[in-house]
>>> print(open('run_14.csv').read())   # CSV, C-alpha atoms (C1' of nucleotides)
chain,number,residue,atom,x,y,z
A,1,MET,CA,-11.6,43.9,-11.1
A,2,ASP,CA,-8.3,42.5,-10.0
A,3,ALA,CA,-6.9,39.1,-10.6
A,4,ASP,CA,-7.6,37.8,-7.1
A,5,LEU,CA,-11.3,38.6,-7.3
A,6,LYS,CA,-11.5,37.0,-10.7
A,7,GLU,CA,-10.0,33.8,-9.4
A,8,ILE,CA,-12.4,33.7,-6.5
A,9,GLU,CA,-15.3,34.2,-8.8
A,10,ALA,CA,-14.2,31.3,-11.0
A,11,HIS,CA,-13.7,29.3,-7.8
A,12,GLU,CA,-10.1,28.4,-8.8
A,13,LYS,CA,-8.2,29.3,-5.6
A,14,GLU,CA,-4.5,28.9,-5.2
A,15,PRO,CA,-3.0,25.7,-6.7
A,16,GLY,CA,-3.9,23.7,-3.6
A,17,PHE,CA,-1.8,21.2,-1.8
A,18,VAL,CA,-3.5,17.9,-2.6
A,19,ASP,CA,-3.2,18.0,-6.4
A,20,GLY,CA,0.6,18.0,-6.2
A,21,TYR,CA,1.1,15.7,-3.2
A,22,LEU,CA,3.0,12.6,-4.2
A,23,LEU,CA,1.0,10.3,-1.9
A,24,TYR,CA,-2.3,11.6,-3.2
A,25,LEU,CA,-1.2,11.2,-6.8
A,26,LEU,CA,-0.1,7.7,-6.2
A,27,ALA,CA,-3.3,6.8,-4.3
A,28,SER,CA,-5.6,8.3,-6.9
A,29,ALA,CA,-3.7,6.9,-9.9
A,30,SER,CA,-3.8,3.5,-8.2
A,31,HIS,CA,-7.4,3.9,-7.2
A,32,LEU,CA,-8.7,4.9,-10.6
A,33,ALA,CA,-6.6,2.5,-12.6
A,34,SER,CA,-7.2,-0.5,-10.4
A,35,GLY,CA,-10.8,0.5,-10.2
A,36,GLN,CA,-11.2,-0.3,-13.9
A,37,PHE,CA,-9.8,-3.8,-13.5
A,38,HIS,CA,-11.7,-4.4,-10.3
A,39,GLU,CA,-14.9,-3.9,-12.3
A,40,GLU,CA,-13.8,-6.8,-14.5
A,41,LEU,CA,-13.1,-8.9,-11.4
A,42,ARG,CA,-16.5,-8.1,-10.1
A,43,GLY,CA,-18.0,-9.3,-13.3
A,44,ALA,CA,-16.2,-12.6,-12.8
A,45,GLY,CA,-17.4,-12.9,-9.2
A,46,ILE,CA,-13.9,-12.5,-7.8
A,47,ARG,CA,-13.1,-10.2,-4.9
A,48,VAL,CA,-10.0,-8.0,-4.9
A,49,PRO,CA,-8.2,-9.7,-2.0
A,50,GLU,CA,-8.9,-13.1,-3.7
A,51,TRP,CA,-7.4,-11.8,-7.0
A,52,ARG,CA,-4.3,-10.6,-5.1
A,53,VAL,CA,-3.8,-13.9,-3.4
A,54,LEU,CA,-4.3,-15.8,-6.7
A,55,ALA,CA,-1.8,-13.7,-8.5
A,56,CYS,CA,0.8,-13.8,-5.8
A,57,LEU,CA,0.5,-17.5,-5.4
A,58,ARG,CA,0.7,-18.0,-9.2
A,59,ASP,CA,4.1,-16.2,-9.1
A,60,ASP,CA,5.3,-18.1,-6.0
A,61,ASP,CA,3.2,-21.0,-4.8
A,62,GLY,CA,3.3,-22.3,-1.3
A,63,GLN,CA,4.1,-19.1,0.5
A,64,MET,CA,3.6,-18.8,4.3
A,65,VAL,CA,0.8,-16.6,5.5
A,66,THR,CA,2.8,-13.7,6.9
A,67,GLN,CA,5.0,-13.4,3.7
A,68,LEU,CA,1.9,-13.7,1.5
A,69,ALA,CA,0.1,-11.1,3.4
A,70,ARG,CA,2.9,-8.6,2.8
A,71,PHE,CA,3.1,-9.5,-0.8
A,72,ALA,CA,-0.7,-9.2,-1.3
A,73,LEU,CA,-0.8,-5.9,0.6
A,74,MET,CA,-3.1,-7.0,3.3
A,75,GLU,CA,-3.1,-7.6,7.0
A,76,GLN,CA,-2.3,-11.0,8.3
A,77,SER,CA,-5.6,-11.7,10.1
A,78,HIS,CA,-7.5,-10.6,7.1
A,79,LEU,CA,-5.5,-12.9,4.9
A,80,THR,CA,-6.3,-15.8,7.2
A,81,LYS,CA,-10.0,-15.1,6.7
A,82,THR,CA,-9.6,-14.7,3.0
A,83,ILE,CA,-7.8,-18.0,2.8
A,84,ASP,CA,-10.7,-19.6,4.8
A,85,GLN,CA,-13.1,-18.5,2.1
A,86,MET,CA,-10.9,-19.4,-0.8
A,87,THR,CA,-10.4,-22.9,0.8
A,88,ASP,CA,-14.1,-23.3,0.9
A,89,ARG,CA,-14.3,-22.4,-2.7
A,90,GLY,CA,-11.7,-24.9,-3.6
A,91,LEU,CA,-9.2,-22.3,-4.9
A,92,VAL,CA,-6.3,-22.9,-2.4
A,93,THR,CA,-5.2,-25.4,0.2
A,94,ARG,CA,-3.4,-25.0,3.5
A,95,ARG,CA,-0.5,-27.3,4.4
A,96,SER,CA,1.6,-26.9,7.5
A,97,ASP,CA,5.3,-26.6,7.0
A,98,GLU,CA,7.2,-29.8,7.6
A,99,VAL,CA,10.1,-28.2,9.3
A,100,ASP,CA,8.5,-25.5,11.3
A,101,ARG,CA,5.0,-26.5,12.1
A,102,ARG,CA,3.9,-23.0,13.2
A,103,ARG,CA,4.1,-22.1,9.6
A,104,VAL,CA,1.2,-22.6,7.2
A,105,ARG,CA,1.9,-22.7,3.5
A,106,ILE,CA,-0.8,-21.9,1.0
A,107,PHE,CA,-1.0,-23.6,-2.4
A,108,LEU,CA,-3.1,-23.1,-5.4
A,109,SER,CA,-5.5,-25.9,-6.3
A,110,ASP,CA,-5.8,-26.9,-10.0
A,111,LYS,CA,-9.0,-24.9,-10.1
A,112,GLY,CA,-7.3,-22.0,-8.4
A,113,ARG,CA,-4.4,-22.0,-10.8
A,114,GLU,CA,-6.6,-22.2,-13.8
A,115,LEU,CA,-8.6,-19.2,-12.5
A,116,ALA,CA,-5.4,-17.3,-11.7
A,117,ASN,CA,-4.0,-17.9,-15.2
A,118,GLY,CA,-7.2,-16.6,-16.8
A,119,LEU,CA,-7.2,-13.5,-14.6
A,120,VAL,CA,-3.6,-12.8,-15.3
A,121,SER,CA,-4.3,-12.8,-19.0
A,122,GLN,CA,-7.1,-10.4,-18.4
A,123,ALA,CA,-4.9,-8.2,-16.3
A,124,LYS,CA,-2.2,-8.2,-19.0
A,125,ALA,CA,-4.8,-7.2,-21.6
A,126,HIS,CA,-6.1,-4.5,-19.4
A,127,GLU,CA,-2.6,-3.2,-18.8
A,128,ASP,CA,-2.0,-3.0,-22.5
A,129,ARG,CA,-5.2,-1.1,-23.1
A,130,LEU,CA,-4.4,1.2,-20.2
A,131,VAL,CA,-0.9,2.0,-21.4
A,132,ARG,CA,-2.2,2.7,-24.9
A,133,GLN,CA,-4.9,4.9,-23.4
A,134,LEU,CA,-2.2,6.9,-21.6
A,135,GLY,CA,-0.2,7.2,-24.7
A,136,ALA,CA,2.8,6.7,-22.5
A,137,SER,CA,6.0,5.8,-24.2
A,138,ASP,CA,8.1,5.9,-21.0
A,139,ILE,CA,6.2,3.2,-19.1
A,140,ALA,CA,9.4,1.3,-18.5
A,141,GLN,CA,10.8,4.3,-16.7
A,142,ILE,CA,7.8,4.7,-14.5
A,143,LYS,CA,7.8,1.1,-13.6
A,144,SER,CA,11.4,1.2,-12.7
A,145,PHE,CA,10.9,4.3,-10.5
A,146,LEU,CA,8.0,2.5,-8.8
A,147,SER,CA,10.0,-0.6,-8.3
A,148,HIS,CA,12.8,1.4,-6.8
A,149,MET,CA,10.3,3.1,-4.5
A,150,VAL,CA,8.8,-0.2,-3.4
A,151,GLU,CA,12.2,-1.8,-2.8
A,152,THR,CA,13.4,1.2,-0.8
A,153,LEU,CA,10.3,1.3,1.4
A,154,GLU,CA,10.2,-2.4,2.0
A,155,ASN,CA,13.7,-2.3,3.4
A,156,ASN,CA,13.1,0.7,5.7
A,157,GLU,CA,10.1,-0.1,7.8
B,1,MET,CA,23.3,-29.4,-12.7
B,2,ASP,CA,21.7,-27.2,-15.2
B,3,ALA,CA,20.6,-23.6,-14.8
B,4,ASP,CA,16.9,-24.4,-14.5
B,5,LEU,CA,17.4,-26.7,-11.6
B,6,LYS,CA,19.6,-24.2,-9.9
B,7,GLU,CA,16.9,-21.7,-10.1
B,8,ILE,CA,14.4,-24.0,-8.6
B,9,GLU,CA,16.6,-24.8,-5.7
B,10,ALA,CA,17.2,-21.2,-5.0
B,11,HIS,CA,13.5,-20.7,-5.2
B,12,GLU,CA,13.9,-17.9,-7.7
B,13,LYS,CA,11.4,-19.0,-10.4
B,14,GLU,CA,10.7,-17.1,-13.6
B,15,PRO,CA,10.5,-13.4,-13.2
B,16,GLY,CA,6.8,-13.5,-12.3
B,17,PHE,CA,3.9,-11.4,-13.4
B,18,VAL,CA,3.1,-9.4,-10.4
B,19,ASP,CA,6.4,-7.6,-9.9
B,20,GLY,CA,6.2,-6.0,-13.2
B,21,TYR,CA,2.5,-5.3,-13.3
B,22,LEU,CA,1.8,-1.6,-13.4
B,23,LEU,CA,-1.3,-1.7,-11.1
B,24,TYR,CA,0.6,-3.7,-8.6
B,25,LEU,CA,3.5,-1.4,-8.6
B,26,LEU,CA,1.2,1.6,-8.1
B,27,ALA,CA,-0.7,-0.1,-5.4
B,28,SER,CA,2.3,-1.2,-3.4
B,29,ALA,CA,4.2,2.0,-3.8
B,30,SER,CA,1.1,3.8,-2.6
B,31,HIS,CA,0.4,1.3,0.2
B,32,LEU,CA,3.9,1.4,1.6
B,33,ALA,CA,4.5,5.2,1.2
B,34,SER,CA,1.1,6.1,2.6
B,35,GLY,CA,1.5,3.5,5.3
B,36,GLN,CA,4.3,5.6,6.7
B,37,PHE,CA,2.3,8.7,6.9
B,38,HIS,CA,-0.8,6.9,8.2
B,39,GLU,CA,1.3,5.9,11.2
B,40,GLU,CA,1.8,9.6,12.0
B,41,LEU,CA,-1.9,10.1,11.6
B,42,ARG,CA,-2.6,7.3,14.0
B,43,GLY,CA,-0.4,8.9,16.5
B,44,ALA,CA,-2.4,12.1,16.2
B,45,GLY,CA,-5.7,10.1,16.6
B,46,ILE,CA,-6.8,10.9,13.0
B,47,ARG,CA,-8.3,8.3,10.7
B,48,VAL,CA,-7.3,8.1,7.1
B,49,PRO,CA,-10.6,9.1,5.7
B,50,GLU,CA,-10.8,12.0,8.0
B,51,TRP,CA,-7.4,13.2,6.9
B,52,ARG,CA,-8.4,13.0,3.3
B,53,VAL,CA,-11.6,15.0,3.9
B,54,LEU,CA,-9.7,17.6,5.9
B,55,ALA,CA,-7.0,18.0,3.2
B,56,CYS,CA,-9.6,18.1,0.4
B,57,LEU,CA,-11.7,20.7,2.1
B,58,ARG,CA,-8.6,22.8,3.0
B,59,ASP,CA,-7.9,23.0,-0.8
B,60,ASP,CA,-11.6,23.7,-1.7
B,61,ASP,CA,-14.0,24.3,1.1
B,62,GLY,CA,-17.7,23.9,0.8
B,63,GLN,CA,-17.7,21.0,-1.6
B,64,MET,CA,-20.8,19.0,-2.1
B,65,VAL,CA,-20.8,15.4,-0.9
B,66,THR,CA,-20.6,13.5,-4.2
B,67,GLN,CA,-17.8,15.7,-5.5
B,68,LEU,CA,-15.9,15.5,-2.2
B,69,ALA,CA,-16.3,11.7,-2.2
B,70,ARG,CA,-14.6,11.4,-5.6
B,71,PHE,CA,-11.9,13.8,-4.6
B,72,ALA,CA,-11.2,12.0,-1.3
B,73,LEU,CA,-11.3,8.6,-3.1
B,74,MET,CA,-14.1,7.2,-1.1
B,75,GLU,CA,-17.6,6.0,-1.7
B,76,GLN,CA,-20.5,8.4,-1.2
B,77,SER,CA,-22.3,6.6,1.6
B,78,HIS,CA,-19.0,6.1,3.4
B,79,LEU,CA,-18.3,9.7,3.2
B,80,THR,CA,-21.7,10.6,4.6
B,81,LYS,CA,-20.9,8.5,7.7
B,82,THR,CA,-17.4,10.0,8.0
B,83,ILE,CA,-19.0,13.5,7.9
B,84,ASP,CA,-21.3,12.4,10.6
B,85,GLN,CA,-18.4,11.6,12.8
B,86,MET,CA,-16.4,14.6,11.9
B,87,THR,CA,-19.4,16.8,12.6
B,88,ASP,CA,-19.7,15.2,16.1
B,89,ARG,CA,-16.0,16.0,16.6
B,90,GLY,CA,-16.6,19.6,15.6
B,91,LEU,CA,-14.3,19.4,12.6
B,92,VAL,CA,-16.8,20.2,9.8
B,93,THR,CA,-20.3,21.5,9.3
B,94,ARG,CA,-23.0,20.7,6.8
B,95,ARG,CA,-25.0,23.3,5.1
B,96,SER,CA,-27.5,22.7,2.4
B,97,ASP,CA,-27.1,24.5,-0.9
B,98,GLU,CA,-29.2,27.6,-1.2
B,99,VAL,CA,-29.9,27.0,-4.9
B,100,ASP,CA,-30.3,23.2,-5.1
B,101,ARG,CA,-31.5,21.9,-1.8
B,102,ARG,CA,-30.7,18.3,-2.6
B,103,ARG,CA,-27.1,19.3,-2.3
B,104,VAL,CA,-25.2,19.3,1.0
B,105,ARG,CA,-22.1,21.4,1.2
B,106,ILE,CA,-19.4,20.6,3.7
B,107,PHE,CA,-17.3,23.3,5.4
B,108,LEU,CA,-14.3,23.1,7.7
B,109,SER,CA,-14.9,24.6,11.2
B,110,ASP,CA,-12.1,26.7,12.6
B,111,LYS,CA,-11.0,23.8,14.6
B,112,GLY,CA,-11.0,21.6,11.5
B,113,ARG,CA,-9.1,24.1,9.5
B,114,GLU,CA,-6.4,24.4,12.2
B,115,LEU,CA,-6.1,20.7,12.4
B,116,ALA,CA,-5.9,20.4,8.6
B,117,ASN,CA,-3.2,23.0,8.4
B,118,GLY,CA,-1.1,21.2,10.9
B,119,LEU,CA,-1.6,17.9,9.2
B,120,VAL,CA,-0.7,19.4,5.8
B,121,SER,CA,2.5,20.7,7.3
B,122,GLN,CA,3.3,17.2,8.5
B,123,ALA,CA,2.5,15.7,5.1
B,124,LYS,CA,4.8,18.2,3.4
B,125,ALA,CA,7.6,17.3,5.8
B,126,HIS,CA,7.0,13.6,5.3
B,127,GLU,CA,7.0,14.0,1.5
B,128,ASP,CA,10.3,15.9,1.8
B,129,ARG,CA,11.8,13.1,3.8
B,130,LEU,CA,10.4,10.5,1.5
B,131,VAL,CA,11.8,12.1,-1.6
B,132,ARG,CA,15.2,12.5,0.0
B,133,GLN,CA,15.1,8.8,1.0
B,134,LEU,CA,14.3,7.8,-2.5
B,135,GLY,CA,17.2,9.9,-3.8
B,136,ALA,CA,14.9,10.8,-6.7
B,137,SER,CA,15.9,13.7,-8.8
B,138,ASP,CA,13.1,13.3,-11.2
B,139,ILE,CA,10.1,13.6,-8.9
B,140,ALA,CA,8.6,16.3,-11.0
B,141,GLN,CA,8.6,14.0,-13.9
B,142,ILE,CA,6.9,11.2,-11.9
B,143,LYS,CA,4.3,13.6,-10.5
B,144,SER,CA,3.6,14.9,-14.0
B,145,PHE,CA,3.1,11.3,-15.3
B,146,LEU,CA,0.8,10.5,-12.4
B,147,SER,CA,-1.2,13.7,-12.9
B,148,HIS,CA,-1.6,12.9,-16.5
B,149,MET,CA,-2.7,9.4,-15.6
B,150,VAL,CA,-5.3,10.7,-13.1
B,151,GLU,CA,-6.6,13.2,-15.5
B,152,THR,CA,-7.0,10.6,-18.3
B,153,LEU,CA,-8.7,8.2,-16.1
B,154,GLU,CA,-11.1,10.7,-14.5
B,155,ASN,CA,-12.4,11.7,-17.9
B,156,ASN,CA,-12.9,8.1,-19.2
B,157,GLU,CA,-15.0,6.4,-16.6
C,1,DA,C1',15.2,-30.3,30.5
C,2,DA,C1',12.3,-26.8,32.5
C,3,DA,C1',11.3,-22.1,32.2
C,4,DT,C1',11.0,-18.1,29.5
C,5,DA,C1',11.0,-15.7,25.3
C,6,DT,C1',10.0,-15.3,20.6
C,7,DA,C1',7.4,-16.4,16.3
C,8,DA,C1',3.4,-17.8,13.2
C,9,DT,C1',-1.3,-18.2,12.7
C,10,DA,C1',-6.1,-17.9,14.3
C,11,DT,C1',-10.0,-15.9,16.7
C,12,DG,C1',-13.2,-12.4,18.7
C,13,DC,C1',-15.0,-8.2,18.4
C,14,DG,C1',-15.6,-3.6,17.3
C,15,DA,C1',-15.1,-0.4,13.5
C,16,DT,C1',-15.2,0.4,8.8
C,17,DA,C1',-16.7,-0.1,4.1
C,18,DT,C1',-20.1,-1.4,0.6
C,19,DC,C1',-24.4,-2.5,-1.6
C,20,DA,C1',-29.0,-1.8,-2.4
C,21,DT,C1',-32.4,1.1,-1.6
C,22,DA,C1',-35.1,4.9,0.7
C,23,DT,C1',-36.0,9.7,0.8
C,24,DA,C1',-36.2,14.1,-0.9
C,25,DA,C1',-35.5,17.7,-4.4
C,26,DA,C1',-35.1,19.2,-9.1
C,27,DA,C1',-35.6,18.6,-14.0
C,28,DC,C1',-38.2,17.1,-17.8
C,29,DG,C1',-42.3,15.9,-20.8
C,30,DA,C1',-46.8,15.5,-22.1
D,1,DT,C1',-49.5,21.3,-13.8
D,2,DC,C1',-49.2,16.5,-13.0
D,3,DG,C1',-46.7,12.5,-13.6
D,4,DT,C1',-42.2,10.6,-14.7
D,5,DT,C1',-37.3,10.6,-14.6
D,6,DT,C1',-33.1,12.0,-12.9
D,7,DT,C1',-30.0,13.6,-9.3
D,8,DA,C1',-28.2,14.1,-4.4
D,9,DT,C1',-27.8,12.4,0.0
D,10,DA,C1',-29.0,9.3,3.8
D,11,DT,C1',-30.1,4.8,5.8
D,12,DG,C1',-30.0,-0.1,7.0
D,13,DA,C1',-28.2,-4.5,6.4
D,14,DT,C1',-24.2,-7.2,5.4
D,15,DA,C1',-19.6,-8.1,4.6
D,16,DT,C1',-15.0,-6.7,5.3
D,17,DC,C1',-11.2,-5.1,7.8
D,18,DG,C1',-8.0,-4.4,11.6
D,19,DC,C1',-6.6,-4.4,16.3
D,20,DA,C1',-5.7,-6.9,20.4
D,21,DT,C1',-4.9,-11.1,21.9
D,22,DA,C1',-5.2,-16.3,22.2
D,23,DT,C1',-3.2,-20.5,20.8
D,24,DT,C1',0.3,-23.3,19.3
D,25,DA,C1',5.1,-24.2,18.0
D,26,DT,C1',9.9,-23.2,18.1
D,27,DA,C1',14.2,-20.9,20.1
D,28,DT,C1',16.8,-19.5,23.9
D,29,DT,C1',18.4,-19.4,28.5
D,30,DT,C1',19.6,-21.3,32.8
>>> encode(input="run_14.csv", output="structure tokens")
Amino acid sequence: MDADLKEIEAHEKEPGFVDGYLLYLLASASHLASGQFHEELRGAGIRVPEWRVLACLRDDDGQMVTQLARFALMEQSHLTKTIDQMTDRGLVTRRSDEVDRRRVRIFLSDKGRELANGLVSQAKAHEDRLVRQLGASDIAQIKSFLSHMVETLENNE
Amino acid sequence: MDADLKEIEAHEKEPGFVDGYLLYLLASASHLASGQFHEELRGAGIRVPEWRVLACLRDDDGQMVTQLARFALMEQSHLTKTIDQMTDRGLVTRRSDEVDRRRVRIFLSDKGRELANGLVSQAKAHEDRLVRQLGASDIAQIKSFLSHMVETLENNE
DNA sequence: AAATATAATATGCGATATCATATAAAACGA
DNA sequence: TCGTTTTATATGATATCGCATATTATATTT
């Protein structure tokens, strides 16, 4: 029996495209790793887009909708709806910009900030566990590559 | 005027959590980079989940639904509906497993395979451009880290 | 200053995604 | 073998998402 047949029997095939495809690797790493934390969020009754908004506002409160949407990796009209819900839940407030009244700026409420702080602590703890689990010594390098990638892509749309 | 005030005026704030958070970096790198290719898909009238199914089946045809859903990073019931559509469009066919008739195996049609091959070529071309744009010499290293990450996370759910 | 163009956000609607569960087949235990 | 449990996929209801566009405010042009 030759090697080719053997491979077919073992259902191994040629290496395959997907497993070495950068976008797939990024997507699955992100999917799997974030999936873990999203479980925690679920337990806390927080939806993923809400968490993103909370975290982004905690870093930079009072952003306008368009800007926040890009930062939080979601589409503008979807963010608008998410903000509606979060407003109802008393997590954020809208305030229209004094200078340009087309703009709507989003602010954390006290309750929202408190929640955000707690979740960020959880996120940090999760990241620590994850990095340890990966046994990765070169995380700083990876992060710096990813940052570079994000920066490059943000400037070239 | 002291440094703190200066920073506040320039709206720079402290470094912020999100920008250095591994899961955020992964998500945004993935979001931005894949976003580029998804534009191409849109132009070709292909939806993202369809592309993923095509690419995964091209690497390993005849997968069962559950397995394929994991590989294609989507939820089982969603995949079932995607398969429905793709079947209607003549891209894939269902065949129930001979041995275990609960299982449904999905196969590319000739048309589906042809489409998949074309899209994979596009994906490769896009990846080449992307890597060049990033000016990244150490892509192999990054890929190997991401692979390691995926493997680790897949085994620890 | 009126008319036109551009920009920021919101809205309506159709498509997509997700959850819970139904259905159906196989495996397991008494 | 019959009843129970587990596994695989499908279905239905609900929520989310995203596109196209409406609405409102500002900028620009004449």
>>> atom_distance(input="run_14.csv", atom1="atom CA of Met86 of chain A", atom2="atom CA of Leu26 of chain B")
25.3 Å
>>> residues_around(input="run_14.csv", residues="segment 153-156 of chain B", least_positions_apart="5", cutoff="12 Å", atoms="only C-alpha atoms (C1' of nucleotides)", output="list in words")
Ser28, Ala29, Ser30, His31, Leu32, Ala33, Ser34, Gly35, Gln36, Leu130, Val131, Gln133 and Leu134 of chain A; Arg70, Phe71, Leu73, Leu146, Ser147 and His148 of chain B
>>> residues_around(input="run_14.csv", residues="DT16 of chain D", least_positions_apart="2", cutoff="10 Å", atoms="only C-alpha atoms (C1' of nucleotides)", output="number ranges by chain")
A: 78, 81-82; C: 16-18; D: 14, 18
>>> interface_residues(input="run_14.csv", of="chain B", to="chain D", cutoff="8 Å", atoms="only C-alpha atoms (C1' of nucleotides)", output="VMD selection string")
chain B and resid 65 to 66 77 80 102 to 104
>>> atom_distance(input="run_14.csv", atom1="atom CA of Leu57 of chain B", atom2="atom CA of Ala116 of chain B")
8.7 Å
